[in-house]
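Undergrad: One file is attached below, final32.cif, containing mmCIF, C-alpha atoms.
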data_structure
#
loop_
_atom_site.label_atom_id
_atom_site.label_comp_id
_atom_site.auth_asym_id
_atom_site.auth_seq_id
_atom_site.Cartn_x
_atom_site.Cartn_y
_atom_site.Cartn_z
CA MET A 1 190.49 -69.32 11.47
CA ALA A 2 192.65 -71.10 14.08
CA ALA A 3 196.29 -70.05 14.21
CA ALA A 4 198.69 -72.22 12.24
CA LYS A 5 200.69 -74.65 14.38
CA SER A 6 204.46 -74.61 14.23
CA ILE A 7 206.18 -77.30 12.18
CA GLN A 8 207.61 -78.74 15.41
CA ILE A 9 204.09 -79.32 16.77
CA ILE A 10 202.76 -80.58 13.43
CA LEU A 11 205.56 -83.14 13.08
CA ALA A 12 205.22 -84.16 16.73
CA ARG A 13 201.54 -84.93 16.13
CA GLN A 14 202.39 -86.91 13.00
CA LEU A 15 204.93 -88.92 14.97
CA ALA A 16 202.49 -89.49 17.84
CA SER A 17 199.75 -90.62 15.47
CA SER A 18 202.00 -93.27 13.98
CA VAL A 19 203.36 -95.00 17.10
CA SER A 20 201.63 -97.37 19.51
CA ALA A 21 202.72 -95.86 22.85
CA PRO A 22 200.24 -93.42 24.40
CA ILE A 23 201.43 -89.85 23.78
CA LEU A 24 200.14 -86.44 24.88
CA LEU A 25 201.25 -83.25 23.13
CA VAL A 26 200.95 -79.76 24.59
CA ASP A 27 201.86 -76.36 23.16
CA ALA A 28 204.03 -73.78 24.90
CA GLU A 29 201.09 -72.64 27.06
CA GLY A 30 200.40 -76.17 28.26
CA THR A 31 197.23 -76.54 26.18
CA LEU A 32 196.74 -80.16 25.24
CA VAL A 33 196.66 -79.90 21.46
CA TYR A 34 196.68 -83.62 20.63
CA TYR A 35 196.71 -87.10 22.07
CA ASN A 36 196.99 -90.23 20.01
CA GLU A 37 194.68 -93.22 19.77
CA SER A 38 196.53 -95.18 22.45
CA ALA A 39 196.22 -92.24 24.85
CA GLU A 40 192.44 -92.14 24.42
CA ALA A 41 192.29 -94.79 27.18
CA ILE A 42 193.74 -92.19 29.58
CA PHE A 43 190.86 -89.80 29.01
CA ASN A 44 188.18 -92.41 28.29
CA ARG A 45 187.35 -90.27 25.28
CA ARG A 46 188.55 -89.86 21.74
CA PHE A 47 190.53 -86.77 20.78
CA ASP A 48 187.90 -85.98 18.14
CA GLU A 49 185.37 -85.68 20.99
CA THR A 50 187.40 -83.57 23.39
CA GLY A 51 189.39 -81.40 20.99
CA GLU A 52 192.06 -79.18 22.53
CA MET A 53 191.98 -78.68 26.31
CA THR A 54 193.60 -75.98 28.40
CA ALA A 55 196.17 -77.01 31.02
CA ASP A 56 193.57 -76.51 33.77
CA GLU A 57 191.06 -78.69 31.95
CA TRP A 58 193.23 -81.69 31.19
CA THR A 59 195.11 -81.74 34.49
CA THR A 60 191.75 -81.69 36.28
CA LEU A 61 190.43 -84.58 34.22
CA ILE A 62 193.27 -86.89 35.23
CA ALA A 63 194.23 -87.29 38.86
CA ALA A 64 197.90 -88.07 39.54
CA ARG A 65 199.74 -89.21 42.63
CA ASP A 66 203.27 -90.23 43.40
CA GLU A 67 204.60 -93.56 44.64
CA ASP A 68 203.74 -92.53 48.22
CA ARG A 69 200.14 -91.98 47.09
CA SER A 70 200.45 -88.24 47.65
CA PRO A 71 198.63 -86.09 45.05
CA ILE A 72 200.91 -84.43 42.51
CA PRO A 73 199.92 -80.79 41.94
CA PRO A 74 199.46 -79.79 38.28
CA GLU A 75 202.66 -77.73 38.16
CA GLU A 76 204.71 -80.70 39.42
CA ARG A 77 203.43 -83.16 36.84
CA PRO A 78 206.09 -84.36 34.40
CA MET A 79 204.58 -82.60 31.37
CA MET A 80 204.31 -79.23 33.10
CA LYS A 81 207.77 -79.57 34.64
CA ALA A 82 209.26 -80.39 31.24
CA LEU A 83 207.54 -77.29 29.88
CA THR A 84 208.45 -74.84 32.62
CA ARG A 85 211.94 -76.11 33.41
CA ARG A 86 212.81 -77.04 29.83
CA HIS A 87 214.36 -80.35 30.62
CA PRO A 88 213.19 -83.98 30.38
CA VAL A 89 211.43 -85.63 33.30
CA SER A 90 211.02 -89.35 33.80
CA ARG A 91 209.27 -90.88 36.79
CA THR A 92 206.76 -93.48 37.95
CA ILE A 93 203.34 -92.20 38.97
CA SER A 94 199.76 -93.39 39.37
CA LEU A 95 197.02 -91.97 37.19
CA ARG A 96 193.28 -92.12 37.57
CA ARG A 97 191.24 -91.74 34.45
CA PRO A 98 187.85 -90.01 34.46
CA GLU A 99 185.44 -92.56 35.98
CA GLY A 100 188.29 -95.03 36.13
CA ASP A 101 190.65 -96.85 38.45
CA TRP A 102 194.23 -96.03 39.37
CA ARG A 103 196.92 -97.18 36.94
CA HIS A 104 200.63 -97.43 37.70
CA VAL A 105 202.62 -95.97 34.79
CA HIS A 106 206.09 -94.74 33.96
CA VAL A 107 206.05 -91.34 32.33
CA THR A 108 208.68 -89.63 30.18
CA ALA A 109 208.12 -85.99 29.29
CA PHE A 110 210.40 -83.75 27.26
CA PRO A 111 210.25 -80.21 25.94
CA LEU A 112 210.19 -79.33 22.24
CA ILE A 113 212.83 -76.63 21.88
CA GLY A 114 213.73 -75.17 18.48
CA GLU A 115 216.18 -72.69 17.03
CA ARG A 116 217.25 -69.81 19.26
CA ASP A 117 215.95 -71.67 22.29
CA ALA A 118 212.32 -71.15 21.29
CA LEU A 119 209.92 -73.37 23.25
CA PHE A 120 207.16 -74.92 21.16
CA GLY A 121 205.60 -77.35 23.63
CA ALA A 122 206.22 -80.73 25.23
CA MET A 123 205.41 -84.39 24.74
CA THR A 124 204.71 -87.11 27.27
CA ILE A 125 204.99 -90.83 26.60
CA PHE A 126 203.39 -93.36 28.94
CA TRP A 127 204.79 -96.80 29.65
CA GLU A 128 202.46 -99.17 31.43
CA ILE A 129 204.02 -101.04 34.34
CA MET B 1 203.45 -57.16 -7.81
CA ARG B 2 205.06 -58.81 -10.78
CA VAL B 3 206.27 -62.38 -10.27
CA THR B 4 208.68 -63.89 -12.80
CA LEU B 5 209.94 -67.47 -12.90
CA TRP B 6 213.67 -67.69 -13.73
CA GLY B 7 214.29 -71.28 -12.66
CA THR B 8 211.64 -73.96 -12.19
CA ARG B 9 213.67 -77.18 -12.06
CA GLY B 10 214.27 -79.09 -8.84
CA SER B 11 217.41 -80.76 -7.49
CA LEU B 12 219.75 -80.34 -10.47
CA ALA B 13 220.04 -78.00 -13.42
CA THR B 14 218.77 -79.90 -16.45
CA PRO B 15 219.49 -78.00 -19.66
CA GLY B 16 218.79 -79.54 -23.05
CA PRO B 17 216.29 -79.60 -25.87
CA GLU B 18 214.00 -82.00 -24.00
CA THR B 19 213.52 -79.49 -21.13
CA ALA B 20 213.65 -76.23 -23.08
CA ARG B 21 209.99 -75.29 -22.58
CA TYR B 22 209.57 -75.84 -18.83
CA GLY B 23 213.19 -74.89 -18.31
CA GLY B 24 216.32 -76.47 -16.92
CA ASN B 25 217.48 -73.85 -14.41
CA THR B 26 216.98 -74.48 -10.70
CA SER B 27 214.76 -72.48 -8.37
CA CYS B 28 214.68 -68.71 -8.74
CA VAL B 29 211.71 -66.33 -8.77
CA SER B 30 211.76 -62.53 -8.81
CA VAL B 31 209.10 -60.33 -7.25
CA ARG B 32 208.93 -56.67 -8.25
CA GLY B 33 206.71 -54.34 -6.24
CA ARG B 34 204.75 -51.37 -7.51
CA GLU B 35 207.25 -49.03 -5.84
CA GLY B 36 210.23 -50.85 -7.31
CA THR B 37 211.29 -53.11 -4.43
CA MET B 38 213.04 -56.21 -5.77
CA LEU B 39 212.85 -59.56 -4.01
CA VAL B 40 214.64 -62.65 -5.29
CA LEU B 41 213.26 -65.95 -4.04
CA ASP B 42 216.09 -68.48 -3.97
CA ALA B 43 219.31 -68.28 -5.91
CA GLY B 44 219.35 -71.42 -8.01
CA THR B 45 220.99 -71.33 -11.42
CA GLY B 46 218.10 -69.24 -12.76
CA VAL B 47 219.39 -66.21 -10.86
CA ARG B 48 222.15 -65.63 -13.41
CA ARG B 49 219.68 -64.67 -16.15
CA LEU B 50 217.74 -62.52 -13.72
CA SER B 51 220.83 -60.53 -12.75
CA ALA B 52 221.42 -59.61 -16.38
CA THR B 53 218.05 -57.85 -16.45
CA LEU B 54 218.60 -55.64 -13.37
CA ASN B 55 219.28 -52.05 -14.24
CA GLY B 56 222.01 -49.85 -12.80
CA SER B 57 219.60 -47.63 -10.88
CA LEU B 58 218.75 -50.40 -8.44
CA ARG B 59 220.17 -49.68 -4.97
CA ARG B 60 218.93 -52.64 -2.93
CA VAL B 61 218.07 -56.29 -3.57
CA ASP B 62 216.69 -58.76 -1.03
CA ILE B 63 217.44 -62.44 -1.63
CA LEU B 64 215.09 -64.70 0.31
CA LEU B 65 216.52 -68.23 0.56
CA THR B 66 214.16 -71.01 1.58
CA HIS B 67 217.03 -73.31 2.51
CA LEU B 68 220.62 -73.98 1.61
CA HIS B 69 220.40 -77.08 -0.56
CA MET B 70 222.63 -76.65 -3.58
CA ASP B 71 219.83 -76.20 -6.13
CA HIS B 72 218.70 -73.09 -4.21
CA ILE B 73 222.06 -71.37 -3.77
CA GLN B 74 224.22 -72.50 -6.67
CA GLY B 75 223.60 -69.31 -8.63
CA LEU B 76 224.46 -67.03 -5.72
CA GLY B 77 228.09 -66.61 -6.71
CA PHE B 78 226.98 -65.64 -10.23
CA PHE B 79 224.46 -63.02 -9.13
CA GLY B 80 225.86 -59.80 -10.63
CA PRO B 81 224.66 -57.40 -7.90
CA LEU B 82 226.96 -59.11 -5.38
CA TYR B 83 229.88 -57.58 -7.28
CA ARG B 84 228.50 -54.03 -7.30
CA PRO B 85 229.85 -51.86 -4.46
CA ASP B 86 227.00 -49.37 -4.92
CA LEU B 87 224.36 -51.98 -4.11
CA ALA B 88 222.98 -53.17 -0.77
CA VAL B 89 222.24 -56.88 -0.85
CA HIS B 90 220.20 -58.37 1.99
CA ILE B 91 220.25 -62.16 2.20
CA TRP B 92 217.57 -63.86 4.29
CA GLY B 93 217.80 -67.56 5.11
CA PRO B 94 217.69 -70.15 7.88
CA ALA B 95 220.51 -70.85 10.31
CA SER B 96 220.91 -74.38 11.68
CA SER B 97 220.97 -75.40 15.32
CA LYS B 98 224.78 -75.21 15.31
CA LEU B 99 225.76 -72.83 12.49
CA THR B 100 224.79 -69.25 11.71
CA LEU B 101 223.50 -68.33 8.27
CA ARG B 102 226.88 -66.73 7.53
CA GLU B 103 228.76 -69.90 8.46
CA ARG B 104 226.42 -72.01 6.37
CA LEU B 105 226.72 -69.76 3.31
CA MET B 106 230.51 -69.67 3.65
CA ARG B 107 230.61 -73.42 3.19
CA TYR B 108 229.63 -72.83 -0.41
CA LEU B 109 231.09 -69.35 -0.97
CA SER B 110 234.68 -70.37 -0.25
CA PRO B 111 237.31 -72.62 -1.86
CA PRO B 112 237.31 -75.34 -3.01
CA LEU B 113 233.62 -75.07 -4.00
CA PHE B 114 233.84 -71.42 -5.09
CA PRO B 115 236.88 -69.19 -5.67
CA VAL B 116 235.46 -66.06 -4.01
CA CYS B 117 234.74 -65.84 -0.29
CA LEU B 118 231.62 -64.19 1.05
CA ARG B 119 233.69 -61.51 2.82
CA GLU B 120 235.48 -60.61 -0.44
CA LEU B 121 232.31 -59.64 -2.29
CA PRO B 122 232.28 -55.87 -2.92
CA SER B 123 228.57 -55.22 -2.39
CA GLU B 124 227.27 -54.21 1.00
CA ILE B 125 225.89 -57.52 2.27
CA THR B 126 223.59 -57.88 5.27
CA LEU B 127 222.46 -61.28 6.49
CA HIS B 128 219.15 -61.95 8.27
CA GLU B 129 218.21 -65.26 9.85
CA VAL B 130 214.69 -66.62 9.36
CA PRO B 131 212.08 -67.44 10.45
CA CYS B 132 211.77 -64.11 12.21
CA GLY B 133 208.06 -63.33 12.22
CA GLU B 134 206.74 -60.62 9.93
CA VAL B 135 209.13 -58.07 8.42
CA ASP B 136 208.56 -55.16 6.08
CA ILE B 137 210.79 -54.97 3.00
CA GLY B 138 209.86 -51.91 0.99
CA GLU B 139 206.18 -52.17 0.11
CA PHE B 140 206.10 -55.87 1.01
CA ARG B 141 205.25 -57.56 4.29
CA VAL B 142 207.12 -60.88 4.40
CA SER B 143 206.33 -63.79 6.71
CA SER B 144 208.34 -66.96 6.96
CA ALA B 145 207.84 -70.25 8.78
CA LEU B 146 209.65 -73.55 8.97
CA VAL B 147 208.05 -76.23 6.80
CA CYS B 148 208.39 -79.95 6.26
CA HIS B 149 211.60 -80.58 4.27
CA PRO B 150 214.90 -82.12 5.42
CA GLY B 151 217.08 -79.57 7.25
CA PRO B 152 216.04 -76.05 8.25
CA THR B 153 213.69 -74.92 5.46
CA VAL B 154 211.21 -72.07 5.36
CA GLY B 155 208.42 -70.98 3.08
CA TYR B 156 207.56 -67.33 2.43
CA ARG B 157 204.31 -65.39 2.31
CA ILE B 158 204.66 -62.02 0.60
CA GLU B 159 201.91 -59.44 0.86
CA GLU B 160 201.93 -56.12 -0.93
CA ALA B 161 200.25 -53.22 0.83
CA GLY B 162 196.84 -52.87 -0.77
CA GLY B 163 197.68 -55.68 -3.17
CA GLY B 164 197.85 -59.43 -3.45
CA VAL B 165 199.51 -62.34 -1.69
CA LEU B 166 202.20 -64.63 -3.08
CA THR B 167 203.18 -67.83 -1.25
CA TYR B 168 206.41 -69.57 -2.19
CA LEU B 169 206.96 -73.18 -1.05
CA PRO B 170 209.34 -74.71 -3.58
CA ASP B 171 210.49 -77.67 -1.47
CA HIS B 172 207.72 -79.01 0.70
CA GLU B 173 206.30 -82.36 1.78
CA PRO B 174 203.15 -81.56 3.79
CA ALA B 175 201.84 -85.11 3.27
CA LEU B 176 204.67 -86.74 5.24
CA GLY B 177 203.20 -88.97 7.94
CA VAL B 178 199.60 -88.03 7.09
CA ASN B 179 197.16 -90.74 6.11
CA ALA B 180 194.98 -89.83 3.11
CA PHE B 181 196.41 -86.31 2.79
CA PRO B 182 194.94 -83.81 3.52
CA SER B 183 193.03 -85.34 6.41
CA LEU B 184 193.76 -82.56 8.91
CA PRO B 185 192.61 -78.93 8.89
CA ARG B 186 194.81 -76.20 7.47
CA GLU B 187 196.27 -75.06 10.80
CA TRP B 188 197.60 -78.60 11.31
CA THR B 189 199.21 -78.77 7.89
CA SER B 190 202.80 -77.75 7.21
CA GLY B 191 202.76 -74.46 5.28
CA GLY B 192 199.01 -74.06 5.81
CA GLY B 193 199.30 -70.67 7.47
CA LEU B 194 201.63 -69.33 4.80
CA ALA B 195 199.44 -70.39 1.90
CA ALA B 196 196.02 -69.54 3.33
CA GLU B 197 193.90 -67.86 0.62
CA ALA B 198 196.95 -66.76 -1.37
CA ASP B 199 196.38 -65.16 -4.75
CA LEU B 200 199.32 -67.10 -6.19
CA LEU B 201 200.91 -70.25 -4.76
CA VAL B 202 204.22 -71.49 -6.19
CA HIS B 203 204.61 -74.99 -4.77
CA ASP B 204 206.73 -78.12 -5.02
CA SER B 205 205.26 -80.68 -7.44
CA GLN B 206 208.32 -82.80 -8.09
CA TYR B 207 206.81 -86.24 -8.56
CA ASP B 208 203.94 -88.22 -9.96
CA ALA B 209 202.08 -90.44 -7.48
CA HIS B 210 204.15 -93.52 -8.28
CA GLU B 211 207.46 -91.70 -7.94
CA TYR B 212 206.39 -90.19 -4.61
CA SER B 213 205.82 -93.63 -3.13
CA GLY B 214 209.52 -94.36 -3.68
CA HIS B 215 210.66 -91.03 -2.22
CA VAL B 216 208.65 -90.62 0.98
CA GLY B 217 210.60 -88.40 3.38
CA TRP B 218 212.75 -86.79 0.70
CA GLY B 219 210.94 -83.51 1.27
CA HIS B 220 208.91 -83.18 -1.93
CA SER B 221 205.33 -83.59 -3.10
CA SER B 222 203.53 -85.31 -5.91
CA LEU B 223 201.46 -83.13 -8.21
CA GLY B 224 198.29 -84.66 -6.75
CA GLN B 225 199.37 -83.79 -3.21
CA SER B 226 200.28 -80.24 -4.15
CA LEU B 227 196.90 -79.78 -5.85
CA ALA B 228 195.25 -81.05 -2.65
CA PHE B 229 197.37 -78.64 -0.60
CA ALA B 230 196.36 -75.76 -2.88
CA ALA B 231 192.69 -76.70 -2.46
CA LEU B 232 193.04 -76.93 1.32
CA SER B 233 194.72 -73.52 1.31
CA GLU B 234 191.93 -72.05 -0.86
CA VAL B 235 194.36 -70.36 -3.21
CA ARG B 236 193.24 -68.59 -6.37
CA HIS B 237 196.04 -69.56 -8.69
CA PHE B 238 198.45 -72.46 -8.36
CA VAL B 239 201.84 -72.85 -10.04
CA PRO B 240 203.38 -76.36 -9.85
CA PHE B 241 207.14 -75.91 -9.49
CA HIS B 242 210.45 -77.70 -8.81
CA HIS B 243 210.10 -80.22 -11.62
CA ASP B 244 212.04 -83.44 -11.28
CA PRO B 245 215.22 -83.51 -13.41
CA SER B 246 214.10 -86.77 -15.02
CA HIS B 247 210.91 -85.19 -16.40
CA SER B 248 211.10 -83.96 -19.99
CA ASP B 249 208.68 -81.40 -21.41
CA THR B 250 206.70 -84.28 -22.90
CA ASP B 251 206.56 -86.05 -19.53
CA LEU B 252 205.37 -82.88 -17.80
CA ASP B 253 202.69 -82.18 -20.43
CA ARG B 254 201.36 -85.70 -19.94
CA LEU B 255 201.54 -85.54 -16.12
CA TYR B 256 199.76 -82.19 -15.88
CA GLY B 257 197.17 -83.19 -18.48
CA GLU B 258 196.23 -86.37 -16.65
CA VAL B 259 196.37 -85.23 -13.03
CA ILE B 260 194.64 -81.87 -13.55
CA ALA B 261 191.89 -83.48 -15.64
CA ASP B 262 191.35 -85.99 -12.85
CA ALA B 263 191.48 -83.48 -9.96
CA LYS B 264 189.31 -80.82 -11.63
CA PRO B 265 190.61 -78.03 -9.37
CA ALA B 266 188.34 -75.09 -8.63
CA PHE B 267 191.28 -72.69 -9.08
CA GLN B 268 193.51 -71.76 -11.97
CA VAL B 269 196.60 -73.94 -12.53
CA THR B 270 199.58 -72.76 -14.59
CA PRO B 271 202.50 -75.22 -14.63
CA GLY B 272 205.73 -73.38 -13.89
CA GLN B 273 207.75 -72.57 -17.00
CA GLU B 274 210.88 -70.46 -17.13
CA GLY B 275 210.11 -66.92 -18.22
CA THR B 276 206.45 -67.00 -17.19
CA MET B 277 205.28 -63.77 -15.59
CA PHE B 278 202.32 -63.23 -13.28
CA GLU B 279 200.73 -59.96 -12.20
CA ILE B 280 199.00 -60.02 -8.81
#
Give the structure from the file, written as structure tokens.
TA:
Amino acid sequence: MAAAKSIQIILARQLASSVSAPILLVDAEGTLVYYNESAEAIFNRRFDETGEMTADEWTTLIAARDEDRSPIPPEERPMMKALTRRHPVSRTISLRRPEGDWRHVHVTAFPLIGERDALFGAMTIFWEI
Amino acid sequence: MRVTLWGTRGSLATPGPETARYGGNTSCVSVRGREGTMLVLDAGTGVRRLSATLNGSLRRVDILLTHLHMDHIQGLGFFGPLYRPDLAVHIWGPASSKLTLRERLMRYLSPPLFPVCLRELPSEITLHEVPCGEVDIGEFRVSSALVCHPGPTVGYRIEEAGGGVLTYLPDHEPALGVNAFPSLPREWTSGGGLAAEADLLVHDSQYDAHEYSGHVGWGHSSLGQSLAFAALSEVRHFVPFHHDPSHSDTDLDRLYGEVIADAKPAFQVTPGQEGTMFEI
């Protein structure tokens, strides 16, 4: 049986599933544990098809570059920075979906931190420009 | 383990002839282990009757609070063992993001709400903040996890070495924000890990379906939702609990008769009544 998710992650998924903005949700290890229906356009696939993806898997699927068109390494992407540095990150980047074109988006990522400073994961919201 | 219900009512003590059978005292359940360890789950008004049954040879009691809403702590100041200097009382409960468990308890156990301060109680009191992973209390292994209910609230899973499993989720709204509950697997459901394959599940069943629709987000479940949660958790025996103060014995008989007949659960269901005892 899969390990039970924390209430912070469960409620974050419920929130993500009920809003229209594309949202990705990762756990404390960076594993992508959920993305909502609007975010399916980012992966060109439904969450039901992909299931959970490790940090290596999902950061490989989506290419990212900054406003100077320089590639952004996985550890410098907003979601991973929010996770490792435990603070919110907001910036404009370009994303390329699998078999897709480049899209200019504004990204806001923030960590999910609970009692006693426990880190549960992070969420990223995409705003199309 | 022996599990006894001392208070089954939710939100507000509701004494009177119309609630005499299911009971009017608020949440309190005792758990007695084979080796004599005594756990008290929540300290609603039902805890007063429980304390009268504890014998003088007891040296330690562990009170496991799910949260600090009034209906779960109101009996604390009337729990006899707190006034016994020969007794060790361990109180487990959630802190908040800004206040420790001690600070939160002192808000009630101090004037003007209560004449005696926590520090003035003669028993040897030790506080433990939860959730804190798995801990051993006597012959029990106790797990706690935050669950869906307003404010810091945990549920408890209590396992006896070589024995059964009790899960206690008296205030719980796992259906919040979920379309057609339960549409997600157990690991994605609030409380799912605590209740998995429990021998006995004591769970919030405050409303009927119509009442729930007017109280979404209040932190409680309808009987239908709690039956669905019990099925998802694959429990063996389910005890609906935390009855709404507006429900008389007659109302509860009708509600359980209709909903259980409709749901046809594959597990045993025993609606929570004060004084009921279960052996696991």
Undergrad: Have a look at atom CA of B:Leu58 and atom CA of B:Leu194 and let me know their distance in Å, one decimal.
TA: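 Answer for the atom CA of B:Leu58 to atom CA of B:Leu194 separation: 28.8 Å.
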Undergrad: Please measure the separation of atom CA of A:Gly30 and atom CA of B:Val130, giving the value in Å to one decimal.
TA: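 It comes out at 25.5 Å.
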Undergrad: Need to verify the contact set: A:Arg45, 12 Å, only C-alpha atoms, exclusion of same-chain residues closer than 6 positions in sequence. Can you return it as a ChimeraX atom specification?
TA: /A:35-39,51,58,61,97-100
Undergrad: Could you tell me which residues the PyMOL selection byres ((chain B and resi 51) around 10) grabs in this file, written as a PyMOL selection string?
TA: chain B and resi 40+46-50+52-55+78-82
Undergrad: Could you spell out the hits of the PyMOL selection byres ((chain B) within 7 of (chain A)) on the shown file, as a VMD selection string?
TA: chain B and resid 97 146 to 148 177 to 178 187 to 190 192 to 193
Undergrad: Go through the shown structure with the PyMOL selection byres ((chain A and resi 65-73) around 12) and write out the matching residues as a PyMOL selection string.
TA: chain A and resi 56+59-60+62-64+74-81+91-96+102-107
Undergrad: Identify, on the basis of only C-alpha atoms, every residue whose closest approach to B:Val31 does not exceed 7 Å; exclude the query and any residue fewer than 6 positions from it along the same chain; express the result as an NGL selection string.
TA: :B and (1-4 or 38-40)
Undergrad: When you look at stretch 247-252 of chain B with a cut-off of 9 Å (counting only C-alpha atoms), what residues show up, excluding the ones that are within fewer than 2 positions of it in the same chain? I need them as JSON, numbers by chain.
TA: {"B": [17, 18, 19, 20, 21, 22, 23, 207, 243, 244, 245, 254, 255, 256, 257, 271]}
Undergrad: Could you check which of B:Ala175, B:Leu41, B:Leu5, B:Ile125 is closest to B:His90, using all atoms listed in the file?
TA: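 Closest to B:His90, using all atoms listed in the file: B:Ile125.
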Undergrad: When you draw a straight line from atom CA of A:Tyr34 to atom CA of B:Leu184, how long is it in Å?
TA: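 Going from atom CA of A:Tyr34 over to atom CA of B:Leu184 covers 12.1 Å.
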Undergrad: Name the closest residue to B:Trp218 among the candidates B:Ala231, B:Leu200, B:Leu176, B:Ala95; distances are taken between atoms, counting all atoms listed in the file.
TA: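 Among B:Ala231, B:Leu200, B:Leu176, B:Ala95, it is B:Leu176 that comes nearest to B:Trp218.
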Undergrad: Which of these, A:His87, A:Ala109, A:Thr54, A:Phe126, has the shortest distance to A:Glu29 once you count only C-alpha atoms?
TA: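 So, comparing all the options, the nearest one is A:Thr54.
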Undergrad: Rank nothing, just name the residue among A:Arg86, A:Val19, A:Leu25, A:Ala12 nearest to A:Thr124, using all atoms listed in the file.
TA: A:Leu25
Undergrad: With all atoms of stretch 240-259 of chain B from the file as input, state the centre and edge lengths in Å to one decimal of the axis-aligned box that has 6 Å extra on each side, as lines of an AutoDock Vina configuration file.
TA:
center_x = 205.7
center_y = -81.3
center_z = -15.9
size_x = 31.0
size_y = 22.9
size_z = 26.1
Undergrad: Between B:Trp92, B:Phe278, B:Tyr83, B:Phe140, which one has atoms that come closest to B:Val116, using all atoms listed in the file?
TA: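 Ranked by minimum distance to B:Val116, first place goes to B:Tyr83.
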Undergrad: Extract, using all atoms listed in the file, all DNA, RNA and protein residues at most 8 Å from stretch 266-270 of chain B, discarding same-chain residues fewer than 3 positions from it, and format them as a PyMOL selection string.
TA: chain B and resi 231+235-240
Undergrad: Any chance you can output those residues with C-alpha atoms as a PDB file, in the coordinates of the input?
TA:
ATOM      1  CA  ALA B 231     192.690 -76.700  -2.460  1.00  0.00           C
ATOM      2  CA  VAL B 235     194.360 -70.360  -3.210  1.00  0.00           C
ATOM      3  CA  ARG B 236     193.240 -68.590  -6.370  1.00  0.00           C
ATOM      4  CA  HIS B 237     196.040 -69.560  -8.690  1.00  0.00           C
ATOM      5  CA  PHE B 238     198.450 -72.460  -8.360  1.00  0.00           C
ATOM      6  CA  VAL B 239     201.840 -72.850 -10.040  1.00  0.00           C
ATOM      7  CA  PRO B 240     203.380 -76.360  -9.850  1.00  0.00           C
TER       8      PRO B 240
END
Undergrad: Ranking A:Arg85, A:Thr108, A:Asp48, A:Ile113 by minimum distance to A:Ile125 and counting only C-alpha atoms, which one comes first?
TA: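 The answer is A:Thr108, which sits nearest to A:Ile125.
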Undergrad: If I put a ball of radius 7 Å at (219.6, -54.0, -3.0) in the file's coordinates, which residues poke into it when counting only C-alpha atoms, written as a ChimeraX atom specification?
TA: /B:58-62,87-90
Undergrad: Using all atoms listed in the file, find all polymer residues with an atom at most 9 Å away from the point (197.5, -53.6, -3.6); report them as a list in words.
TA: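 Those residues lying close to the given coordinates are Met1, Arg34, Glu159, Glu160, Ala161, Gly162, Gly163, Gly164 and Ile280 of chain B.
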Undergrad: Please, could N, CA and C atoms be added to stretch 109-119 of chain A and the result written as a PDB file, in the frame of the given file?
TA:
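Writing the result to rebuild-v3.pdb gives the following:
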ATOM      1  N   ALA A 109     208.541 -87.238  29.939  1.00  0.00           N
ATOM      2  CA  ALA A 109     208.120 -85.990  29.290  1.00  0.00           C
ATOM      3  C   ALA A 109     209.356 -85.213  28.866  1.00  0.00           C
ATOM      4  N   PHE A 110     209.253 -84.565  27.720  1.00  0.00           N
ATOM      5  CA  PHE A 110     210.400 -83.750  27.260  1.00  0.00           C
ATOM      6  C   PHE A 110     209.915 -82.527  26.493  1.00  0.00           C
ATOM      7  N   PRO A 111     210.669 -81.441  26.626  1.00  0.00           N
ATOM      8  CA  PRO A 111     210.250 -80.210  25.940  1.00  0.00           C
ATOM      9  C   PRO A 111     210.624 -80.233  24.463  1.00  0.00           C
ATOM     10  N   LEU A 112     209.870 -79.498  23.656  1.00  0.00           N
ATOM     11  CA  LEU A 112     210.190 -79.330  22.240  1.00  0.00           C
ATOM     12  C   LEU A 112     210.794 -77.938  22.073  1.00  0.00           C
ATOM     13  N   ILE A 113     212.109 -77.901  21.953  1.00  0.00           N
ATOM     14  CA  ILE A 113     212.830 -76.630  21.880  1.00  0.00           C
ATOM     15  C   ILE A 113     213.454 -76.506  20.493  1.00  0.00           C
ATOM     16  N   GLY A 114     213.230 -75.363  19.845  1.00  0.00           N
ATOM     17  CA  GLY A 114     213.730 -75.170  18.480  1.00  0.00           C
ATOM     18  C   GLY A 114     214.899 -74.222  18.427  1.00  0.00           C
ATOM     19  N   GLU A 115     215.084 -73.639  17.230  1.00  0.00           N
ATOM     20  CA  GLU A 115     216.180 -72.690  17.030  1.00  0.00           C
ATOM     21  C   GLU A 115     216.057 -71.530  18.009  1.00  0.00           C
ATOM     22  N   ARG A 116     217.178 -70.962  18.357  1.00  0.00           N
ATOM     23  CA  ARG A 116     217.250 -69.810  19.260  1.00  0.00           C
ATOM     24  C   ARG A 116     216.511 -70.060  20.557  1.00  0.00           C
ATOM     25  N   ASP A 117     216.527 -71.331  20.989  1.00  0.00           N
ATOM     26  CA  ASP A 117     215.950 -71.670  22.290  1.00  0.00           C
ATOM     27  C   ASP A 117     214.444 -71.441  22.375  1.00  0.00           C
ATOM     28  N   ALA A 118     213.772 -71.388  21.256  1.00  0.00           N
ATOM     29  CA  ALA A 118     212.320 -71.150  21.290  1.00  0.00           C
ATOM     30  C   ALA A 118     211.597 -72.411  21.766  1.00  0.00           C
ATOM     31  N   LEU A 119     210.684 -72.242  22.714  1.00  0.00           N
ATOM     32  CA  LEU A 119     209.920 -73.370  23.250  1.00  0.00           C
ATOM     33  C   LEU A 119     208.616 -73.502  22.470  1.00  0.00           C
TER      34      LEU A 119
END
